[in-house]
>>> print(open('query.cif').read())   # mmCIF, C-alpha atoms (C1' of nucleotides)
data_final
#
loop_
_atom_site.label_atom_id
_atom_site.label_comp_id
_atom_site.auth_asym_id
_atom_site.auth_seq_id
_atom_site.Cartn_x
_atom_site.Cartn_y
_atom_site.Cartn_z
CA MET A 6 90.93 -56.37 -3.70
CA LYS A 7 88.75 -53.90 -5.50
CA LYS A 8 85.81 -55.19 -7.45
CA LYS A 9 85.83 -54.16 -11.06
CA PHE A 10 82.14 -53.67 -11.73
CA THR A 11 80.82 -52.30 -8.47
CA ASN A 12 79.84 -49.13 -10.25
CA LEU A 13 77.42 -51.11 -12.33
CA TYR A 14 75.02 -51.79 -9.49
CA LEU A 15 71.57 -50.25 -9.69
CA GLU A 16 71.92 -48.46 -6.38
CA ASN A 17 75.32 -47.03 -7.14
CA GLN A 18 74.15 -44.71 -9.84
CA LEU A 19 72.36 -41.42 -9.76
CA CYS A 20 70.07 -42.45 -12.56
CA PHE A 21 67.99 -45.19 -11.01
CA PRO A 22 66.78 -43.50 -7.82
CA LEU A 23 65.75 -40.49 -9.91
CA TYR A 24 63.91 -42.66 -12.39
CA ALA A 25 62.19 -44.55 -9.57
CA ALA A 26 61.37 -41.47 -7.50
CA SER A 27 59.89 -39.69 -10.47
CA ARG A 28 57.60 -42.58 -11.36
CA LEU A 29 56.57 -43.17 -7.76
CA THR A 30 55.72 -39.50 -7.35
CA THR A 31 53.61 -39.55 -10.47
CA LYS A 32 51.70 -42.45 -8.96
CA LEU A 33 51.27 -40.48 -5.76
CA TYR A 34 49.57 -37.69 -7.69
CA ALA A 35 47.57 -39.98 -9.97
CA PRO A 36 44.49 -40.62 -7.81
CA HIS A 37 44.06 -36.88 -7.18
CA LEU A 38 44.47 -36.02 -10.85
CA LYS A 39 42.07 -38.74 -11.89
CA LYS A 40 39.29 -36.81 -10.15
CA LEU A 41 40.02 -33.92 -12.50
CA ASP A 42 40.31 -36.33 -15.44
CA ILE A 43 43.81 -35.15 -16.32
CA THR A 44 47.22 -36.79 -16.48
CA TYR A 45 50.32 -35.71 -14.68
CA PRO A 46 52.00 -33.95 -17.63
CA GLN A 47 48.69 -32.27 -18.41
CA TYR A 48 48.62 -31.06 -14.80
CA LEU A 49 52.06 -29.52 -15.25
CA VAL A 50 50.84 -27.62 -18.30
CA LEU A 51 47.83 -26.39 -16.35
CA LEU A 52 50.05 -25.22 -13.47
CA ILE A 53 51.71 -22.91 -15.97
CA LEU A 54 48.46 -21.68 -17.43
CA TRP A 55 46.85 -21.07 -14.05
CA GLU A 56 49.80 -18.84 -13.26
CA HIS A 57 50.16 -17.11 -16.63
CA GLN A 58 46.75 -17.40 -18.32
CA THR A 59 48.20 -17.27 -21.82
CA GLN A 60 51.33 -18.91 -23.14
CA SER A 61 52.68 -20.01 -26.48
CA VAL A 62 53.56 -23.64 -27.08
CA SER A 63 57.24 -22.84 -26.97
CA GLU A 64 56.91 -20.83 -23.75
CA ILE A 65 55.28 -23.84 -22.12
CA GLY A 66 57.99 -25.98 -23.64
CA GLN A 67 60.75 -23.88 -22.12
CA GLN A 68 59.33 -24.22 -18.64
CA LEU A 69 58.70 -27.96 -18.83
CA MET A 70 61.72 -28.65 -21.04
CA LEU A 71 59.50 -30.27 -23.62
CA GLU A 72 59.20 -29.66 -27.33
CA SER A 73 56.32 -29.50 -29.72
CA ASN A 74 56.61 -33.18 -30.59
CA THR A 75 55.43 -33.95 -27.07
CA LEU A 76 53.33 -30.86 -26.39
CA THR A 77 51.24 -30.64 -29.55
CA PRO A 78 49.42 -33.95 -29.03
CA LEU A 79 49.11 -33.33 -25.29
CA LEU A 80 47.62 -29.88 -25.88
CA LYS A 81 45.24 -31.27 -28.47
CA ARG A 82 43.96 -33.70 -25.88
CA LEU A 83 43.44 -30.87 -23.40
CA GLU A 84 41.62 -28.99 -26.15
CA GLN A 85 39.34 -31.96 -26.79
CA LYS A 86 38.46 -31.99 -23.11
CA GLU A 87 37.62 -28.30 -23.54
CA ILE A 88 40.06 -27.33 -20.82
CA ILE A 89 42.18 -25.11 -23.07
CA GLN A 90 41.96 -23.29 -26.41
CA ARG A 91 44.57 -23.26 -29.17
CA ASN A 92 44.76 -20.18 -31.40
CA ARG A 93 47.27 -18.97 -33.92
CA SER A 94 48.76 -15.61 -33.00
CA ASN A 95 47.79 -12.66 -35.19
CA LYS A 96 51.21 -11.09 -34.87
CA ASP A 97 53.03 -14.24 -35.86
CA GLU A 98 51.08 -16.95 -37.60
CA ARG A 99 53.69 -19.53 -36.65
CA THR A 100 52.96 -19.18 -32.94
CA VAL A 101 50.10 -21.06 -31.28
CA ILE A 102 48.70 -19.34 -28.20
CA ILE A 103 47.30 -21.57 -25.49
CA SER A 104 44.66 -20.18 -23.15
CA LEU A 105 42.33 -21.59 -20.53
CA THR A 106 38.62 -22.07 -21.15
CA LYS A 107 36.16 -21.24 -18.40
CA ALA A 108 36.22 -24.94 -17.47
CA GLY A 109 40.01 -24.83 -17.34
CA GLU A 110 39.90 -21.83 -15.03
CA ASN A 111 37.44 -23.60 -12.78
CA LEU A 112 39.68 -26.64 -12.45
CA LYS A 113 42.13 -24.47 -10.55
CA GLU A 114 39.89 -24.43 -7.49
CA GLN A 115 39.70 -28.21 -7.46
CA ALA A 116 43.44 -28.56 -8.04
CA ALA A 117 44.29 -26.17 -5.23
CA VAL A 118 43.82 -28.88 -2.62
CA ILE A 119 46.21 -31.33 -4.26
CA PRO A 120 49.54 -29.99 -2.96
CA GLU A 121 48.11 -29.91 0.54
CA LYS A 122 46.85 -33.47 0.21
CA ILE A 123 50.28 -34.63 -0.91
CA MET A 124 52.00 -32.88 1.97
CA GLY A 125 49.43 -34.34 4.32
CA SER A 126 50.18 -37.85 3.13
CA PHE A 127 53.83 -37.32 3.99
CA ARG A 128 52.84 -36.10 7.45
CA ASP A 129 50.83 -39.31 7.85
CA ASP A 130 54.10 -41.17 7.39
CA ASN A 131 55.87 -39.01 9.94
CA ILE A 132 57.84 -37.14 7.32
CA SER A 133 57.96 -33.51 8.41
CA ASP A 134 57.25 -30.59 6.11
CA THR A 135 60.79 -29.45 6.79
CA GLU A 136 62.14 -32.74 5.51
CA VAL A 137 60.05 -32.56 2.34
CA ALA A 138 61.20 -28.98 1.82
CA ALA A 139 64.80 -30.18 2.14
CA PHE A 140 64.22 -32.79 -0.54
CA GLU A 141 62.75 -30.11 -2.74
CA LYS A 142 65.72 -27.84 -2.23
CA THR A 143 68.20 -30.60 -3.01
CA LEU A 144 66.28 -31.52 -6.11
CA LEU A 145 66.03 -27.98 -7.40
CA SER A 146 69.77 -27.54 -7.18
CA LEU A 147 70.27 -30.87 -8.93
CA VAL A 148 67.91 -29.78 -11.71
CA LYS A 149 69.80 -26.53 -12.01
CA ILE A 150 73.07 -28.40 -12.47
CA LEU A 151 71.60 -30.88 -14.95
CA LYS A 152 69.95 -28.10 -16.91
CA GLU A 153 73.20 -26.21 -17.24
CA LYS A 154 74.92 -29.39 -18.33
CA SER A 155 72.35 -30.11 -21.00
CA THR A 156 72.33 -26.61 -22.48
CA LYS A 157 76.11 -26.77 -22.50
CA ASN A 158 76.02 -29.96 -24.53
CA GLU A 159 73.81 -28.32 -27.13
CA GLU A 160 76.40 -25.70 -27.99
CA MET B 30 47.62 -11.19 2.79
CA LYS B 31 48.30 -14.76 1.91
CA LYS B 32 48.01 -15.78 -1.69
CA LYS B 33 45.56 -18.58 -2.24
CA PHE B 34 47.21 -20.48 -5.05
CA THR B 35 50.91 -20.16 -4.31
CA ASN B 36 51.09 -23.92 -3.88
CA LEU B 37 50.16 -24.31 -7.50
CA TYR B 38 53.44 -23.01 -8.84
CA LEU B 39 55.67 -25.42 -10.73
CA GLU B 40 58.61 -24.87 -8.43
CA ASN B 41 56.64 -25.27 -5.24
CA GLN B 42 55.95 -28.92 -5.70
CA LEU B 43 58.03 -31.99 -5.23
CA CYS B 44 56.80 -33.50 -8.45
CA PHE B 45 58.23 -31.23 -11.10
CA PRO B 46 61.91 -31.18 -10.10
CA LEU B 47 61.83 -34.97 -9.89
CA TYR B 48 60.22 -35.26 -13.30
CA ALA B 49 62.71 -32.82 -14.78
CA ALA B 50 65.76 -34.30 -13.07
CA SER B 51 64.85 -37.78 -14.16
CA ARG B 52 64.46 -36.79 -17.80
CA LEU B 53 67.62 -34.68 -17.79
CA THR B 54 69.59 -37.56 -16.31
CA THR B 55 68.30 -39.92 -18.96
CA LYS B 56 69.58 -37.47 -21.55
CA LEU B 57 72.92 -37.38 -19.79
CA TYR B 58 73.25 -41.13 -20.18
CA ALA B 59 71.83 -41.28 -23.72
CA PRO B 60 74.99 -40.59 -25.77
CA HIS B 61 76.90 -43.25 -23.85
CA LEU B 62 74.10 -45.80 -24.22
CA LYS B 63 73.73 -45.07 -27.90
CA LYS B 64 77.21 -46.49 -28.44
CA LEU B 65 75.93 -49.77 -27.03
CA ASP B 66 72.71 -49.45 -29.04
CA ILE B 67 70.52 -49.71 -25.96
CA THR B 68 68.00 -47.43 -24.29
CA TYR B 69 68.06 -46.26 -20.71
CA PRO B 70 65.44 -48.70 -19.36
CA GLN B 71 67.19 -51.49 -21.26
CA TYR B 72 70.41 -50.46 -19.52
CA LEU B 73 68.70 -50.77 -16.14
CA VAL B 74 67.63 -54.32 -16.99
CA LEU B 75 71.17 -55.15 -18.04
CA LEU B 76 72.58 -53.75 -14.79
CA ILE B 77 70.49 -56.37 -13.00
CA LEU B 78 71.53 -59.18 -15.31
CA TRP B 79 75.21 -58.29 -15.17
CA GLU B 80 74.95 -58.61 -11.42
CA HIS B 81 72.72 -61.69 -11.22
CA GLN B 82 73.20 -63.51 -14.55
CA THR B 83 69.74 -65.06 -14.46
CA GLN B 84 66.47 -63.52 -13.34
CA SER B 85 62.80 -64.10 -13.92
CA VAL B 86 60.66 -61.36 -15.43
CA SER B 87 59.01 -60.73 -12.09
CA GLU B 88 62.34 -60.58 -10.25
CA ILE B 89 63.50 -57.90 -12.66
CA GLY B 90 60.15 -56.21 -12.21
CA GLN B 91 60.50 -56.10 -8.45
CA GLN B 92 63.85 -54.38 -8.65
CA LEU B 93 62.82 -51.82 -11.26
CA MET B 94 59.25 -51.51 -9.99
CA LEU B 95 57.93 -52.42 -13.42
CA GLU B 96 55.42 -55.05 -14.46
CA SER B 97 55.19 -57.44 -17.35
CA ASN B 98 53.16 -55.00 -19.42
CA THR B 99 56.28 -52.83 -19.65
CA LEU B 100 58.95 -55.49 -19.36
CA THR B 101 57.71 -58.09 -21.84
CA PRO B 102 58.01 -55.84 -24.91
CA LEU B 103 61.28 -54.35 -23.64
CA LEU B 104 62.77 -57.81 -23.09
CA LYS B 105 61.60 -58.94 -26.51
CA ARG B 106 63.51 -56.04 -28.04
CA LEU B 107 66.63 -57.03 -26.10
CA GLU B 108 66.11 -60.58 -27.34
CA GLN B 109 65.88 -59.39 -30.93
CA LYS B 110 69.18 -57.59 -30.50
CA GLU B 111 70.53 -60.95 -29.26
CA ILE B 112 71.62 -59.41 -25.98
CA ILE B 113 69.47 -61.67 -23.82
CA GLN B 114 67.59 -64.98 -24.03
CA ARG B 115 64.06 -65.71 -22.85
CA ASN B 116 63.26 -69.25 -21.73
CA ARG B 117 60.33 -70.79 -19.89
CA SER B 118 61.34 -72.37 -16.59
CA ASN B 119 61.13 -76.15 -16.37
CA LYS B 120 60.07 -76.06 -12.76
CA ASP B 121 57.26 -73.60 -13.38
CA GLU B 122 56.09 -73.14 -16.93
CA ARG B 123 54.58 -69.74 -16.09
CA THR B 124 57.95 -68.24 -15.28
CA VAL B 125 60.17 -66.79 -18.00
CA ILE B 126 63.86 -66.87 -17.18
CA ILE B 127 65.98 -64.09 -18.65
CA SER B 128 69.67 -64.72 -19.21
CA LEU B 129 72.49 -62.92 -20.98
CA THR B 130 73.88 -64.09 -24.31
CA LYS B 131 77.60 -63.98 -24.92
CA ALA B 132 77.06 -60.61 -26.60
CA GLY B 133 75.15 -59.42 -23.57
CA GLU B 134 77.99 -60.48 -21.28
CA ASN B 135 80.47 -58.67 -23.45
CA LEU B 136 78.51 -55.42 -23.29
CA LYS B 137 79.36 -55.27 -19.59
CA GLU B 138 82.96 -54.35 -20.37
CA GLN B 139 81.84 -51.50 -22.57
CA ALA B 140 79.28 -50.32 -20.04
CA ALA B 141 81.76 -50.35 -17.18
CA VAL B 142 83.16 -46.98 -18.23
CA ILE B 143 79.77 -45.22 -18.22
CA PRO B 144 79.42 -44.46 -14.49
CA GLU B 145 82.93 -43.08 -14.49
CA LYS B 146 82.20 -40.90 -17.53
CA ILE B 147 79.09 -39.52 -15.84
CA MET B 148 80.96 -38.72 -12.64
CA GLY B 149 83.70 -37.13 -14.69
CA SER B 150 81.22 -34.86 -16.42
CA PHE B 151 80.08 -33.60 -13.02
CA ARG B 152 83.69 -32.97 -12.04
CA ASP B 153 84.04 -30.94 -15.23
CA ASP B 154 81.31 -28.70 -13.87
CA ASN B 155 83.01 -28.39 -10.51
CA ILE B 156 80.53 -30.64 -8.76
CA SER B 157 82.49 -32.80 -6.35
CA ASP B 158 82.03 -36.55 -6.03
CA THR B 159 80.99 -35.90 -2.44
CA GLU B 160 78.21 -33.65 -3.62
CA VAL B 161 76.95 -36.20 -6.12
CA ALA B 162 77.07 -38.87 -3.43
CA ALA B 163 74.98 -36.61 -1.19
CA PHE B 164 72.37 -36.27 -3.92
CA GLU B 165 72.33 -40.00 -4.28
CA LYS B 166 71.86 -40.52 -0.58
CA THR B 167 69.01 -38.03 -0.41
CA LEU B 168 67.36 -39.64 -3.38
CA LEU B 169 67.64 -43.15 -2.04
CA SER B 170 65.93 -42.15 1.18
CA LEU B 171 63.22 -40.40 -0.82
CA VAL B 172 62.70 -43.52 -2.92
CA LYS B 173 62.48 -45.58 0.25
CA ILE B 174 59.75 -43.33 1.59
CA LEU B 175 57.84 -43.26 -1.68
CA LYS B 176 58.12 -47.01 -2.06
CA GLU B 177 56.69 -47.58 1.41
CA LYS B 178 53.88 -45.17 0.64
CA SER B 179 52.99 -46.92 -2.60
CA THR B 180 52.98 -50.43 -1.13
CA LYS B 181 50.85 -49.08 1.71
CA ASN B 182 48.29 -47.75 -0.77
CA GLU B 183 48.00 -51.16 -2.40
CA GLU B 184 46.72 -52.79 0.77
"C1'" DT C 19 63.07 -7.47 -52.86
"C1'" DA C 20 64.12 -12.17 -53.91
"C1'" DA C 21 66.92 -16.09 -52.07
"C1'" DG C 22 68.49 -18.19 -48.13
"C1'" DA C 23 68.47 -18.82 -43.15
"C1'" DT C 24 65.83 -19.14 -39.03
"C1'" DT C 25 61.94 -20.12 -36.25
"C1'" DA C 26 57.43 -22.31 -34.39
"C1'" DA C 27 54.59 -26.13 -34.74
"C1'" DA C 28 53.35 -30.31 -36.55
"C1'" DT C 29 54.25 -34.96 -38.05
"C1'" DC C 30 56.45 -39.50 -37.94
"C1'" DG C 31 58.57 -43.57 -35.91
"C1'" DT C 32 60.23 -45.97 -31.90
"C1'" DG C 33 60.21 -47.03 -27.14
"C1'" DT C 34 58.63 -46.78 -22.79
"C1'" DA C 35 54.80 -46.53 -18.68
"C1'" DC C 36 50.70 -48.19 -16.96
"C1'" DG C 37 45.66 -49.46 -16.01
"C1'" DA C 38 42.81 -53.16 -17.39
"C1'" DT C 39 42.09 -57.57 -19.04
"C1'" DG C 40 43.19 -62.30 -20.70
"C1'" DC C 41 45.11 -66.83 -20.19
"C1'" DA C 42 47.40 -70.88 -18.85
"C1'" DA C 43 50.03 -73.12 -15.18
"C1'" DA C 44 50.27 -73.85 -10.37
"C1'" DT C 45 48.31 -73.95 -5.86
"C1'" DG C 46 44.85 -74.30 -2.19
"C1'" DT C 47 40.97 -76.53 -0.39
"C1'" DA C 48 36.72 -78.86 0.43
"C1'" DT D 17 40.41 -85.28 -7.10
"C1'" DA D 18 37.27 -81.50 -8.72
"C1'" DC D 19 37.21 -76.68 -8.63
"C1'" DA D 20 38.05 -72.05 -7.23
"C1'" DT D 21 41.86 -68.99 -6.48
"C1'" DT D 22 46.28 -67.26 -7.24
"C1'" DT D 23 50.30 -66.40 -9.90
"C1'" DG D 24 53.36 -65.10 -13.93
"C1'" DC D 25 53.35 -63.40 -18.08
"C1'" DA D 26 51.21 -61.51 -22.31
"C1'" DT D 27 48.10 -58.39 -24.69
"C1'" DC D 28 45.54 -54.14 -25.48
"C1'" DG D 29 44.65 -49.24 -25.42
"C1'" DT D 30 46.09 -44.69 -24.16
"C1'" DA D 31 49.46 -41.23 -23.23
"C1'" DC D 32 53.71 -39.55 -22.94
"C1'" DA D 33 59.09 -38.64 -24.47
"C1'" DC D 34 62.12 -37.73 -27.96
"C1'" DG D 35 65.17 -37.86 -32.26
"C1'" DA D 36 64.42 -36.68 -36.94
"C1'" DT D 37 62.09 -34.50 -40.52
"C1'" DT D 38 58.57 -31.40 -42.63
"C1'" DT D 39 55.95 -27.25 -43.42
"C1'" DA D 40 54.83 -22.64 -43.31
"C1'" DA D 41 55.79 -18.03 -41.65
"C1'" DT D 42 59.17 -14.65 -40.64
"C1'" DC D 43 63.56 -12.59 -40.78
"C1'" DT D 44 68.19 -11.40 -43.10
"C1'" DT D 45 70.78 -9.65 -46.24
"C1'" DA D 46 72.97 -9.18 -50.32
#
>>> encode(input="query.cif", output="structure tokens")
Amino acid sequence: MKKKFTNLYLENQLCFPLYAASRLTTKLYAPHLKKLDITYPQYLVLLILWEHQTQSVSEIGQQLMLESNTLTPLLKRLEQKEIIQRNRSNKDERTVIISLTKAGENLKEQAAVIPEKIMGSFRDDNISDTEVAAFEKTLLSLVKILKEKSTKNEE
Amino acid sequence: MKKKFTNLYLENQLCFPLYAASRLTTKLYAPHLKKLDITYPQYLVLLILWEHQTQSVSEIGQQLMLESNTLTPLLKRLEQKEIIQRNRSNKDERTVIISLTKAGENLKEQAAVIPEKIMGSFRDDNISDTEVAAFEKTLLSLVKILKEKSTKNEE
DNA sequence: TAAGATTAAATCGTGTACGATGCAAATGTA
DNA sequence: TACATTTGCATCGTACACGATTTAATCTTA
């Protein structure tokens, strides 16, 4: 006899392991980020700026899938720490251009060791780089699917 | 010549796809949960209660990896909606026992269709159930690893 | 070119997360 | 049995997320 509500178990849904894995990963990064005095979402913003130097709020938003309601306060906090600058564009006064300060640039050197430290911690637990890479690959294809789904729903 | 900062790209880290996938999944569930007037973390708590009827705050916390600082306010909101009850244990006055109200029990019937709806939406996008199950499996093993890592760090 | 639509950020309100701390009940131990 | 320690929950402060709305600048188009 088939149980009626088996689907309603925590483990039997996609949502919970993602939720848990995301939070656990954030905690894995936290001690490293604390040394730079930044949070995890702030780190993600900086990853973009270290790669592109200058980006508008909405360009950052597209990459992180966040909107100004989340980004504006976050960016203001980074500005207060003097890690970034916020300037209105001359061409289009609506656009706010985010750029790194000298201090923000310098953080890149310190941050460069973080990915290696994370990978190293997996190696300590006998998880191979190959295995981690496989996780990454799986996750990226899942994100791709979910992203397509969500843009589809907006239409 | 090897680039020095390649590791610092958004896509080259485990963290971002997890963060993104988790948020996108929450959004996938949101319209269904809105009909029940509950949030995603509230839904996770209810999954536990539908399975176990009665649980202490800390028992719920163990399963969701959350502590009272997050759960207490969340549970109070569920109490206000008259979906759950909060009662001090007789045996141990420190413990707060969470139980479902009649309304909370009844929500289970409405929630039962959600997992099926989610799976169906993947099928609509030509993602097979097998594929989704594979994601789930990968994620569960990742969570297992991350969980072990985090408990290890606490010692 | 003036009125209406669109766009980019900002603002507001609600609900998590989470480190740190507080507090009372329960437990361990000399 | 006193008293220190531990445990279970609550509280506080900070920082996201995100739906909804607002504001100002830009674009469209009649």
>>> interface_residues(input="query.cif", of="chain A", to="chain C", cutoff="8 Å", atoms="all atoms listed in the file", output="JSON, numbers by chain")
{"A": [63, 73, 74, 77, 99, 100, 101]}
>>> resolve_selection(input="query.cif", expression="the PyMOL selection byres ((chain B) within 6 of (chain A))", output="list in words")
Leu43, Pro46, Leu47, Tyr48, Ala50, Ser51, Glu165, Leu168, Leu169 and Val172 of chain B
>>> interface_residues(input="query.cif", of="chain D", to="chain B", cutoff="12 Å", atoms="all atoms listed in the file", output="list in words")
DT23, DG24, DC25, DA26, DT27, DC28, DG29, DA33, DC34 and DG35 of chain D
>>> atom_distance(input="query.cif", atom1="CA of Ile67 in chain B", atom2="CA of Lys110 in chain B")
9.2 Å
>>> axis_aligned_box(input="query.cif", around="range 29-36 of chain C", padding_each_side="4 Å", output="AutoDock Vina command-line options")
--center_x 55.5 --center_y -41.6 --center_z -27.5 --size_x 17.5 --size_y 21.2 --size_z 29.1
>>> atom_distance(input="query.cif", atom1="CA of Gln114 in chain B", atom2="CA of Gly133 in chain B")
9.4 Å
>>> closest_residue(input="query.cif", among="A:Ile65, A:Leu83, A:Asn95, A:Lys107", to="Thr44 in chain A", atoms="all atoms listed in the file")
A:Leu83
>>> residues_around(input="query.cif", residues="Leu78 in chain B", least_positions_apart="5", cutoff="7 Å", atoms="only C-alpha atoms (C1' of nucleotides)", output="PyMOL selection string")
chain B and resi 83-84+129
>>> atom_distance(input="query.cif", atom1="CA of His57 in chain A", atom2="CA of Glu84 in chain A")
17.5 Å
>>> closest_residue(input="query.cif", among="A:Leu79, A:Ile88, A:Ala35, A:Leu41", to="Glu110 in chain A", atoms="all atoms listed in the file")
A:Ile88
